[in-house]
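Novice: Contents are TSV, C-alpha atoms; file name target30.tsv:
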chain	number	residue	atom	x	y	z
A	1	MET	CA	-17.46	-38.85	-58.12
A	2	PRO	CA	-15.62	-35.55	-57.39
A	3	THR	CA	-17.00	-33.10	-54.84
A	4	PHE	CA	-16.79	-29.33	-55.30
A	5	CYS	CA	-17.70	-26.40	-53.09
A	6	LEU	CA	-18.99	-23.05	-54.31
A	7	TYR	CA	-17.81	-20.08	-52.26
A	8	GLU	CA	-19.46	-16.70	-52.86
A	9	ALA	CA	-16.98	-14.05	-51.76
A	10	ALA	CA	-17.45	-10.29	-51.86
A	11	SER	CA	-14.75	-10.13	-54.55
A	12	GLY	CA	-16.06	-12.92	-56.78
A	13	TYR	CA	-16.98	-16.60	-57.16
A	14	ALA	CA	-14.53	-19.35	-56.19
A	15	LEU	CA	-14.79	-23.08	-56.88
A	16	PHE	CA	-12.92	-25.53	-54.68
A	17	GLN	CA	-12.50	-29.27	-55.00
A	18	VAL	CA	-13.08	-30.99	-51.68
A	19	LYS	CA	-11.22	-34.20	-50.77
A	20	PHE	CA	-11.86	-35.93	-47.49
A	21	THR	CA	-8.51	-37.60	-46.79
A	22	GLU	CA	-7.95	-40.46	-44.37
A	23	ASP	CA	-6.52	-38.27	-41.62
A	24	ILE	CA	-9.45	-35.85	-41.85
A	25	GLY	CA	-12.29	-38.16	-42.75
A	26	SER	CA	-15.77	-37.12	-43.84
A	27	SER	CA	-17.56	-36.77	-40.49
A	28	LEU	CA	-18.78	-33.36	-39.38
A	29	ASP	CA	-16.70	-33.29	-36.18
A	30	GLU	CA	-13.46	-34.09	-38.01
A	31	VAL	CA	-14.19	-31.44	-40.65
A	32	LYS	CA	-14.77	-28.83	-37.93
A	33	LYS	CA	-11.44	-29.72	-36.27
A	34	SER	CA	-9.53	-29.32	-39.53
A	35	ILE	CA	-10.86	-25.80	-40.19
A	36	SER	CA	-8.65	-24.02	-37.65
A	37	GLU	CA	-5.46	-25.67	-38.93
A	38	LEU	CA	-4.45	-24.41	-42.37
A	39	PRO	CA	-2.06	-27.33	-43.23
A	40	ARG	CA	-4.83	-29.89	-42.62
A	41	PHE	CA	-7.51	-27.76	-44.26
A	42	SER	CA	-5.38	-27.14	-47.37
A	43	LYS	CA	-5.18	-30.93	-47.85
A	44	MET	CA	-8.95	-31.09	-47.84
A	45	VAL	CA	-9.70	-28.27	-50.33
A	46	LYS	CA	-8.01	-27.19	-53.54
A	47	LEU	CA	-8.78	-24.06	-55.55
A	48	VAL	CA	-10.09	-24.93	-59.01
A	49	SER	CA	-10.96	-21.45	-60.27
A	50	PHE	CA	-11.66	-17.92	-59.09
A	51	ALA	CA	-13.74	-15.42	-61.10
A	52	PRO	CA	-13.56	-11.88	-59.67
A	53	PHE	CA	-16.40	-9.45	-60.19
A	54	THR	CA	-15.72	-6.92	-62.93
A	55	SER	CA	-17.01	-3.91	-60.97
A	56	ALA	CA	-18.81	-2.82	-57.81
A	57	GLU	CA	-22.10	-2.72	-59.74
A	58	ASP	CA	-21.52	-6.30	-60.91
A	59	ALA	CA	-20.83	-7.42	-57.32
A	60	LEU	CA	-23.99	-5.72	-56.07
A	61	LYS	CA	-26.08	-7.27	-58.84
A	62	ASN	CA	-24.80	-10.76	-57.99
A	63	ILE	CA	-25.22	-10.38	-54.22
A	64	ASN	CA	-28.81	-9.17	-54.69
A	65	ALA	CA	-29.56	-12.25	-56.76
A	66	LEU	CA	-27.89	-14.57	-54.24
A	67	THR	CA	-29.93	-13.20	-51.34
A	68	GLU	CA	-33.09	-14.00	-53.31
A	69	GLY	CA	-31.84	-17.51	-54.11
A	70	ASP	CA	-31.46	-16.78	-57.84
A	71	MET	CA	-28.57	-17.73	-60.11
A	72	THR	CA	-27.14	-14.99	-62.30
A	73	GLU	CA	-25.78	-15.52	-65.79
A	74	THR	CA	-22.27	-14.92	-64.44
A	75	LEU	CA	-22.59	-17.76	-61.91
A	76	LYS	CA	-24.19	-20.06	-64.46
A	77	ASN	CA	-21.38	-19.58	-66.97
A	78	PHE	CA	-18.78	-19.98	-64.22
A	79	LEU	CA	-20.18	-23.32	-63.06
A	80	GLU	CA	-20.71	-24.66	-66.59
A	81	MET	CA	-17.15	-23.76	-67.53
A	82	HIS	CA	-15.32	-25.29	-64.56
A	83	LEU	CA	-17.50	-28.16	-63.35
A	84	PRO	CA	-16.86	-31.42	-65.22
A	85	LYS	CA	-19.76	-32.81	-67.21
A	86	GLY	CA	-21.40	-36.06	-66.25
A	87	LYS	CA	-20.64	-39.01	-68.52
A	88	LYS	CA	-23.38	-41.18	-69.89
A	89	LYS	CA	-23.09	-44.95	-69.61
A	90	LYS	CA	-23.13	-47.02	-72.74
A	91	ASP	CA	-25.84	-49.40	-71.56
A	92	SER	CA	-28.19	-46.79	-70.20
A	93	GLU	CA	-28.70	-43.29	-71.55
A	94	LYS	CA	-30.49	-42.12	-68.40
A	95	LYS	CA	-27.78	-42.81	-65.83
A	96	LYS	CA	-25.08	-40.18	-65.44
A	97	LYS	CA	-22.07	-39.72	-63.24
A	98	GLY	CA	-21.59	-36.06	-62.48
A	99	PRO	CA	-19.89	-33.95	-59.82
A	100	LYS	CA	-21.37	-33.21	-56.43
A	101	LEU	CA	-21.58	-29.48	-55.64
A	102	MET	CA	-21.65	-28.11	-52.09
A	103	VAL	CA	-23.63	-24.85	-51.78
A	104	LEU	CA	-24.28	-22.99	-48.52
A	105	ASP	CA	-27.64	-21.36	-49.36
A	106	LYS	CA	-30.48	-23.88	-49.77
A	107	LYS	CA	-32.51	-21.67	-52.13
A	108	LEU	CA	-29.51	-21.20	-54.40
A	109	ALA	CA	-28.76	-24.92	-54.19
A	110	ASN	CA	-32.26	-25.79	-55.43
A	111	CYS	CA	-31.96	-23.23	-58.23
A	112	ILE	CA	-28.62	-24.66	-59.42
A	113	LYS	CA	-30.04	-28.19	-59.27
A	114	GLU	CA	-33.07	-27.24	-61.35
A	115	VAL	CA	-31.20	-25.21	-63.98
A	116	LEU	CA	-27.93	-27.13	-64.39
A	117	GLY	CA	-28.95	-30.57	-63.15
A	118	PHE	CA	-25.96	-31.07	-60.83
A	119	GLU	CA	-26.20	-33.02	-57.61
A	120	VAL	CA	-26.21	-30.26	-55.00
A	121	VAL	CA	-25.63	-30.67	-51.27
A	122	SER	CA	-26.49	-28.14	-48.55
A	123	ASN	CA	-26.00	-29.34	-44.96
A	124	LYS	CA	-23.98	-28.79	-41.77
A	125	LYS	CA	-20.83	-30.11	-43.40
A	126	VAL	CA	-21.11	-27.45	-46.11
A	127	GLU	CA	-21.39	-24.78	-43.42
A	128	ALA	CA	-18.17	-26.05	-41.79
A	129	VAL	CA	-16.25	-26.12	-45.08
A	130	THR	CA	-17.52	-22.64	-46.02
A	131	ARG	CA	-16.43	-21.32	-42.64
A	132	GLY	CA	-12.94	-22.65	-43.28
A	133	LEU	CA	-12.86	-21.10	-46.75
A	134	ARG	CA	-13.90	-17.76	-45.29
A	135	ASP	CA	-11.08	-17.87	-42.72
A	136	HIS	CA	-8.31	-19.01	-45.11
A	137	PHE	CA	-9.51	-17.53	-48.41
A	138	HIS	CA	-6.51	-15.20	-48.79
A	139	HIS	CA	-4.14	-18.20	-48.59
A	140	PHE	CA	-5.75	-19.82	-51.62
A	141	VAL	CA	-6.05	-16.64	-53.72
A	142	LYS	CA	-2.60	-15.11	-53.43
A	143	ALA	CA	-3.58	-11.89	-55.25
A	144	LEU	CA	-5.97	-10.99	-52.41
A	145	ARG	CA	-4.55	-9.68	-49.16
A	146	PRO	CA	-6.56	-9.86	-45.91
A	147	GLU	CA	-6.98	-6.07	-45.87
A	148	ASP	CA	-8.22	-6.14	-49.47
A	149	ILE	CA	-10.82	-8.77	-48.61
A	150	HIS	CA	-11.98	-6.74	-45.61
A	151	GLN	CA	-12.22	-3.55	-47.67
A	152	THR	CA	-14.19	-5.34	-50.40
A	153	GLN	CA	-16.60	-6.84	-47.87
A	154	LEU	CA	-17.11	-3.43	-46.23
A	155	ALA	CA	-17.75	-1.65	-49.54
A	156	LEU	CA	-20.17	-4.32	-50.74
A	157	SER	CA	-22.05	-4.38	-47.44
A	158	HIS	CA	-22.50	-0.60	-47.58
A	159	SER	CA	-23.73	-0.76	-51.19
A	160	TYR	CA	-26.09	-3.61	-50.37
A	161	SER	CA	-27.51	-1.78	-47.34
A	162	ARG	CA	-28.03	1.43	-49.31
A	163	CYS	CA	-29.77	-0.52	-52.06
A	164	LYS	CA	-32.10	-2.26	-49.60
A	165	VAL	CA	-33.00	1.00	-47.85
A	166	LYS	CA	-33.54	2.81	-51.15
A	167	PHE	CA	-35.83	0.15	-52.57
A	168	ASN	CA	-37.62	-0.76	-49.36
A	169	VAL	CA	-41.24	-1.42	-50.28
A	170	HIS	CA	-42.31	-0.62	-46.70
A	171	ARG	CA	-40.71	2.86	-46.59
A	172	VAL	CA	-44.12	4.61	-46.54
A	173	ASP	CA	-45.27	2.25	-43.80
A	174	ASN	CA	-42.17	3.10	-41.79
A	175	MET	CA	-43.03	6.80	-41.86
A	176	ILE	CA	-46.53	6.02	-40.57
A	177	ILE	CA	-45.20	3.72	-37.84
A	178	GLN	CA	-42.71	6.32	-36.63
A	179	SER	CA	-45.28	9.13	-36.80
A	180	ILE	CA	-47.93	7.34	-34.73
A	181	ALA	CA	-45.28	6.29	-32.19
A	182	LEU	CA	-44.10	9.90	-31.88
A	183	LEU	CA	-47.68	11.15	-31.69
A	184	ASP	CA	-48.46	8.81	-28.79
A	185	GLN	CA	-45.27	9.83	-27.01
A	186	ILE	CA	-46.03	13.54	-27.44
A	187	ASP	CA	-49.54	13.02	-26.04
A	188	LYS	CA	-48.08	11.44	-22.91
A	189	ASP	CA	-45.48	14.17	-22.53
A	190	LEU	CA	-48.03	16.94	-23.10
A	191	ASN	CA	-50.26	15.57	-20.35
A	192	THR	CA	-47.31	15.52	-17.95
A	193	PHE	CA	-46.06	18.98	-18.94
A	194	SER	CA	-49.54	20.54	-18.85
A	195	MET	CA	-50.13	19.18	-15.37
A	196	ARG	CA	-46.80	20.70	-14.31
A	197	VAL	CA	-47.75	24.11	-15.79
A	198	ARG	CA	-51.14	24.05	-14.02
A	199	GLU	CA	-49.52	23.14	-10.71
A	200	TRP	CA	-46.69	25.66	-11.06
A	201	TYR	CA	-48.76	28.63	-12.26
A	202	GLY	CA	-51.59	27.60	-9.94
A	203	TYR	CA	-49.61	28.90	-6.96
A	204	HIS	CA	-50.00	32.39	-8.42
A	205	PHE	CA	-53.44	32.16	-10.11
A	206	PRO	CA	-55.34	29.07	-8.82
A	207	GLU	CA	-58.77	30.23	-10.11
A	208	LEU	CA	-57.66	30.00	-13.77
A	209	VAL	CA	-57.85	26.18	-13.75
A	210	LYS	CA	-61.66	26.18	-13.45
A	211	ILE	CA	-62.11	28.71	-16.26
A	212	ALA	CA	-59.64	27.29	-18.83
A	213	GLY	CA	-60.06	23.53	-18.90
A	214	ASP	CA	-58.09	22.95	-22.09
A	215	ASN	CA	-54.35	22.43	-21.57
A	216	TYR	CA	-53.36	24.40	-24.67
A	217	MET	CA	-55.54	27.37	-23.70
A	218	TYR	CA	-54.27	27.31	-20.12
A	219	ALA	CA	-50.62	27.39	-21.25
A	220	LYS	CA	-51.32	30.27	-23.66
A	221	LEU	CA	-53.15	32.20	-20.92
A	222	ALA	CA	-50.24	31.66	-18.53
A	223	CYS	CA	-47.86	33.08	-21.15
A	224	THR	CA	-50.15	36.05	-21.85
A	225	ILE	CA	-51.25	36.99	-18.33
A	226	GLN	CA	-48.09	36.20	-16.33
A	227	HIS	CA	-48.49	38.49	-13.28
A	228	LYS	CA	-52.25	38.66	-12.54
A	229	GLU	CA	-51.87	42.06	-10.89
A	230	LYS	CA	-51.11	43.60	-14.31
A	231	LEU	CA	-54.23	42.11	-15.95
A	232	ASN	CA	-56.68	44.85	-17.04
A	233	GLU	CA	-59.51	45.50	-19.49
A	234	GLU	CA	-57.07	46.40	-22.28
A	235	MET	CA	-56.04	42.73	-22.41
A	236	LEU	CA	-59.63	41.48	-22.88
A	237	PRO	CA	-59.40	41.23	-26.73
A	238	GLU	CA	-56.28	39.11	-26.42
A	239	LEU	CA	-57.97	36.85	-23.86
A	240	GLU	CA	-61.03	36.54	-26.12
A	241	ASN	CA	-58.81	35.37	-29.00
A	242	ILE	CA	-57.37	32.63	-26.81
A	243	LEU	CA	-60.59	31.51	-25.10
A	244	MET	CA	-62.85	32.12	-28.15
A	245	ASP	CA	-65.46	33.40	-25.65
A	246	ALA	CA	-66.01	36.97	-24.43
A	247	GLY	CA	-67.82	35.78	-21.29
A	248	LYS	CA	-64.93	33.59	-20.18
A	249	ALA	CA	-62.46	36.41	-20.86
A	250	LYS	CA	-64.40	38.63	-18.39
A	251	GLU	CA	-64.46	35.75	-15.88
A	252	VAL	CA	-60.65	35.58	-16.06
A	253	LEU	CA	-60.43	39.32	-15.43
A	254	GLU	CA	-62.80	39.14	-12.43
A	255	ALA	CA	-61.02	36.07	-11.03
A	256	ALA	CA	-57.66	37.84	-11.27
A	257	ARG	CA	-58.96	40.75	-9.20
A	258	LYS	CA	-60.27	38.43	-6.45
A	259	SER	CA	-57.54	35.80	-6.69
A	260	MET	CA	-56.20	34.21	-3.50
A	261	GLY	CA	-52.91	33.16	-5.16
A	262	GLN	CA	-49.53	34.10	-3.77
A	263	GLU	CA	-47.18	36.62	-5.30
A	264	ILE	CA	-44.34	35.31	-7.46
A	265	SER	CA	-41.02	36.97	-8.15
A	266	ILE	CA	-39.99	38.10	-11.62
A	267	VAL	CA	-37.38	35.35	-11.94
A	268	ASP	CA	-39.90	32.64	-11.03
A	269	MET	CA	-42.45	34.03	-13.48
A	270	ILE	CA	-39.85	34.06	-16.29
A	271	ASN	CA	-39.22	30.35	-15.77
A	272	ILE	CA	-42.94	29.54	-15.61
A	273	SER	CA	-43.56	31.55	-18.77
A	274	ARG	CA	-40.72	29.88	-20.67
A	275	PHE	CA	-41.96	26.43	-19.74
A	276	ALA	CA	-45.53	27.34	-20.72
A	277	GLN	CA	-44.24	28.57	-24.10
A	278	ARG	CA	-42.54	25.22	-24.68
A	279	VAL	CA	-45.85	23.47	-23.97
A	280	VAL	CA	-47.62	25.75	-26.45
A	281	LYS	CA	-45.03	25.08	-29.16
A	282	LEU	CA	-45.12	21.33	-28.51
A	283	THR	CA	-48.92	21.35	-28.79
A	284	GLU	CA	-48.73	23.22	-32.11
A	285	TYR	CA	-46.12	20.73	-33.38
A	286	ARG	CA	-48.43	17.91	-32.33
A	287	LYS	CA	-51.18	19.39	-34.51
A	288	ASN	CA	-48.81	19.61	-37.50
A	289	LEU	CA	-47.66	16.03	-36.94
A	290	HIS	CA	-51.27	14.85	-36.81
A	291	ASN	CA	-52.00	16.57	-40.15
A	292	TYR	CA	-48.90	14.93	-41.61
A	293	LEU	CA	-50.09	11.52	-40.40
A	294	ILE	CA	-53.54	12.08	-41.94
A	295	LYS	CA	-51.94	12.92	-45.30
A	296	LYS	CA	-49.66	9.86	-45.16
A	297	MET	CA	-52.53	7.55	-44.25
A	298	ASN	CA	-54.72	8.91	-47.06
A	299	ASP	CA	-51.88	8.34	-49.52
A	300	CYS	CA	-50.88	4.89	-48.25
A	301	ALA	CA	-54.12	3.36	-46.92
A	302	PRO	CA	-57.13	5.47	-47.90
A	303	ASN	CA	-59.65	2.63	-47.45
A	304	LEU	CA	-58.35	1.80	-43.97
A	305	SER	CA	-58.49	5.50	-43.02
A	306	ALA	CA	-62.09	5.80	-44.23
A	307	LEU	CA	-63.15	2.69	-42.30
A	308	ILE	CA	-61.60	3.21	-38.87
A	309	GLY	CA	-59.84	6.60	-38.98
A	310	GLU	CA	-56.27	7.65	-39.50
A	311	GLN	CA	-54.95	7.22	-35.95
A	312	VAL	CA	-56.49	3.80	-35.30
A	313	GLY	CA	-55.43	2.64	-38.75
A	314	ALA	CA	-51.88	3.84	-38.15
A	315	ARG	CA	-51.79	2.00	-34.81
A	316	LEU	CA	-52.91	-1.21	-36.51
A	317	ILE	CA	-50.15	-0.85	-39.11
A	318	SER	CA	-47.67	-0.22	-36.31
A	319	LYS	CA	-48.80	-3.31	-34.40
A	320	ALA	CA	-48.68	-5.49	-37.52
A	321	GLY	CA	-45.29	-4.15	-38.62
A	322	SER	CA	-46.41	-3.10	-42.11
A	323	LEU	CA	-49.52	-2.61	-44.20
A	324	THR	CA	-48.72	-5.81	-46.11
A	325	ASN	CA	-48.62	-7.86	-42.89
A	326	LEU	CA	-51.89	-6.28	-41.74
A	327	ALA	CA	-53.57	-7.17	-45.03
A	328	LYS	CA	-52.49	-10.82	-44.61
A	329	TYR	CA	-53.85	-11.14	-41.06
A	330	PRO	CA	-57.15	-12.98	-40.50
A	331	ALA	CA	-60.04	-11.10	-38.92
A	332	SER	CA	-59.45	-12.76	-35.53
A	333	THR	CA	-55.86	-11.46	-35.36
A	334	VAL	CA	-56.93	-7.94	-36.34
A	335	GLN	CA	-59.55	-8.04	-33.58
A	336	ILE	CA	-56.89	-8.94	-31.01
A	337	LEU	CA	-54.65	-6.10	-32.24
Translate the structure of the given file into structure tokens.
Specialist:
Amino acid sequence: MPTFCLYEAASGYALFQVKFTEDIGSSLDEVKKSISELPRFSKMVKLVSFAPFTSAEDALKNINALTEGDMTETLKNFLEMHLPKGKKKKDSEKKKKGPKLMVLDKKLANCIKEVLGFEVVSNKKVEAVTRGLRDHFHHFVKALRPEDIHQTQLALSHSYSRCKVKFNVHRVDNMIIQSIALLDQIDKDLNTFSMRVREWYGYHFPELVKIAGDNYMYAKLACTIQHKEKLNEEMLPELENILMDAGKAKEVLEAARKSMGQEISIVDMINISRFAQRVVKLTEYRKNLHNYLIKKMNDCAPNLSALIGEQVGARLISKAGSLTNLAKYPASTVQIL
């Protein structure tokens, strides 16, 4: 019974007849040894037929089917055309002698077996033979040069990657996962930066910390007031807009007049003010990012958002890896998350 090996190259389908000669044998170790040596390997395999893909779109269509373990019409026609048919015995109609086909992918092997009825093998020996075919493929197909094979593989891999990214069913989940990760990172950074602003500006105006407890308000006040000696009643409306409280604005004015803080040079105040402005802008970006996350969660998982909130729901999706994985988890796993 003849043995054949199907090799799926980036340029097309190739069918080889495999013969385990006496000097090579049929054991896995002997097959592995023969791979590196072309003269010995060429005795073991013989090219039966090669069917190149007609276009880049055809190659992409076939590779997508192969990754899913499906057999395309092109592959089916190729195998039916070049594999010999099994012969029925005269005494028994049920018994057949057909070829044995070696296929690397187990899903594809099962599909070929179900559709065409061939005896299909997928084991370690097939992996060794396929590895040898991959290394010496250009010696069997003379029309293909090594650089052509490399270029074809590169082009197909890029097309396949673009296709997978474009049609990724988890692309909305990915945006949520990245957003919540960035939101958590910004929260940590804002706490660190705000503490640095309070400590730095506190040398000049230490009493402001007790009046403005919010980090965002404190940074905006530091940008607005700068030198406390220049703070006067004309700036009260601006302080009221920041603090949203007329009483606190007057407290800031009174505290500035009685402040025990040290004087700071113009250059130092410029650096403090610039850093405080960065904190203000980062806080405003954090608010915009949070609104973006709320919109994404309401579009992707409205029920989850209504139950536990957008941020907690986004963290659960991030921990699970995707909304689909989270939906498949039992209640005990969700509780641990």
Novice: Go through A:Cys5, A:Leu38, A:Ile177, A:Lys43 one by one, measure the shortest atom-to-atom distance of each to Val120 of chain A using all atoms listed in the file, and give the residue with the smallest value.
Specialist: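 Among the listed residues, A:Cys5 lies closest to Val120 of chain A.
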Novice: Which value, in Å to one decimal, gives the distance between atom CA of Asn64 of chain A and atom CA of Leu154 of chain A?
Specialist: 15.5 Å
Novice: Nearest residue to Asp58 of chain A out of A:Asn123, A:Ser159, A:Ser259, A:Gln178, using all atoms listed in the file?
Specialist: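 Smallest distance to Asp58 of chain A is found for A:Ser159.
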Novice: Need the shell around segment 71-86 of chain A: protein/DNA/RNA residues with any atom at most 10 Å away, counting only C-alpha atoms. Skip same-chain ones fewer than 2 positions apart. Format as a ChimeraX atom specification?
Specialist: /A:1-4,6,8,12-15,17,48-51,53,58,61-69,88-89,95-101,107-109,111-112,115-118
Novice: Suppose you want the space between atom CA of Ile272 of chain A and atom CA of Tyr216 of chain A; what is it in Å?
Specialist: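 Calculated distance between atom CA of Ile272 of chain A and atom CA of Tyr216 of chain A is 14.7 Å.
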Novice: For a quick check of your reading of the model, name the residues lying within 12 Å of the coordinate (-61.7, 38.7, -19.7), counting all atoms listed in the file, and write them as a compact mmCIF listing (two decimals) with C-alpha atoms, in the coordinates of the input.
Specialist:
# COMPACT_ATOMS: atom_id res chain seq x y z
CA LEU A 208 -57.66 30.00 -13.77
CA ILE A 211 -62.11 28.71 -16.26
CA ALA A 212 -59.64 27.29 -18.83
CA LEU A 221 -53.15 32.20 -20.92
CA ILE A 225 -51.25 36.99 -18.33
CA LYS A 228 -52.25 38.66 -12.54
CA LEU A 231 -54.23 42.11 -15.95
CA ASN A 232 -56.68 44.85 -17.04
CA GLU A 233 -59.51 45.50 -19.49
CA GLU A 234 -57.07 46.40 -22.28
CA MET A 235 -56.04 42.73 -22.41
CA LEU A 236 -59.63 41.48 -22.88
CA PRO A 237 -59.40 41.23 -26.73
CA GLU A 238 -56.28 39.11 -26.42
CA LEU A 239 -57.97 36.85 -23.86
CA GLU A 240 -61.03 36.54 -26.12
CA ASN A 241 -58.81 35.37 -29.00
CA ILE A 242 -57.37 32.63 -26.81
CA LEU A 243 -60.59 31.51 -25.10
CA MET A 244 -62.85 32.12 -28.15
CA ASP A 245 -65.46 33.40 -25.65
CA ALA A 246 -66.01 36.97 -24.43
CA GLY A 247 -67.82 35.78 -21.29
CA LYS A 248 -64.93 33.59 -20.18
CA ALA A 249 -62.46 36.41 -20.86
CA LYS A 250 -64.40 38.63 -18.39
CA GLU A 251 -64.46 35.75 -15.88
CA VAL A 252 -60.65 35.58 -16.06
CA LEU A 253 -60.43 39.32 -15.43
CA GLU A 254 -62.80 39.14 -12.43
CA ALA A 255 -61.02 36.07 -11.03
CA ALA A 256 -57.66 37.84 -11.27
CA ARG A 257 -58.96 40.75 -9.20
Novice: Nearest residue to Ser322 of chain A out of A:Asn174, A:Ser273, A:Ser157, A:Thr152, using all atoms listed in the file?
Specialist: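 Smallest separation from Ser322 of chain A among the options: A:Asn174.
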Novice: Would you mind reading off the distance between atom CA of Leu133 of chain A and atom CA of Arg162 of chain A, one decimal, in Å?
Specialist: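 Separation between atom CA of Leu133 of chain A and atom CA of Arg162 of chain A: 27.3 Å.
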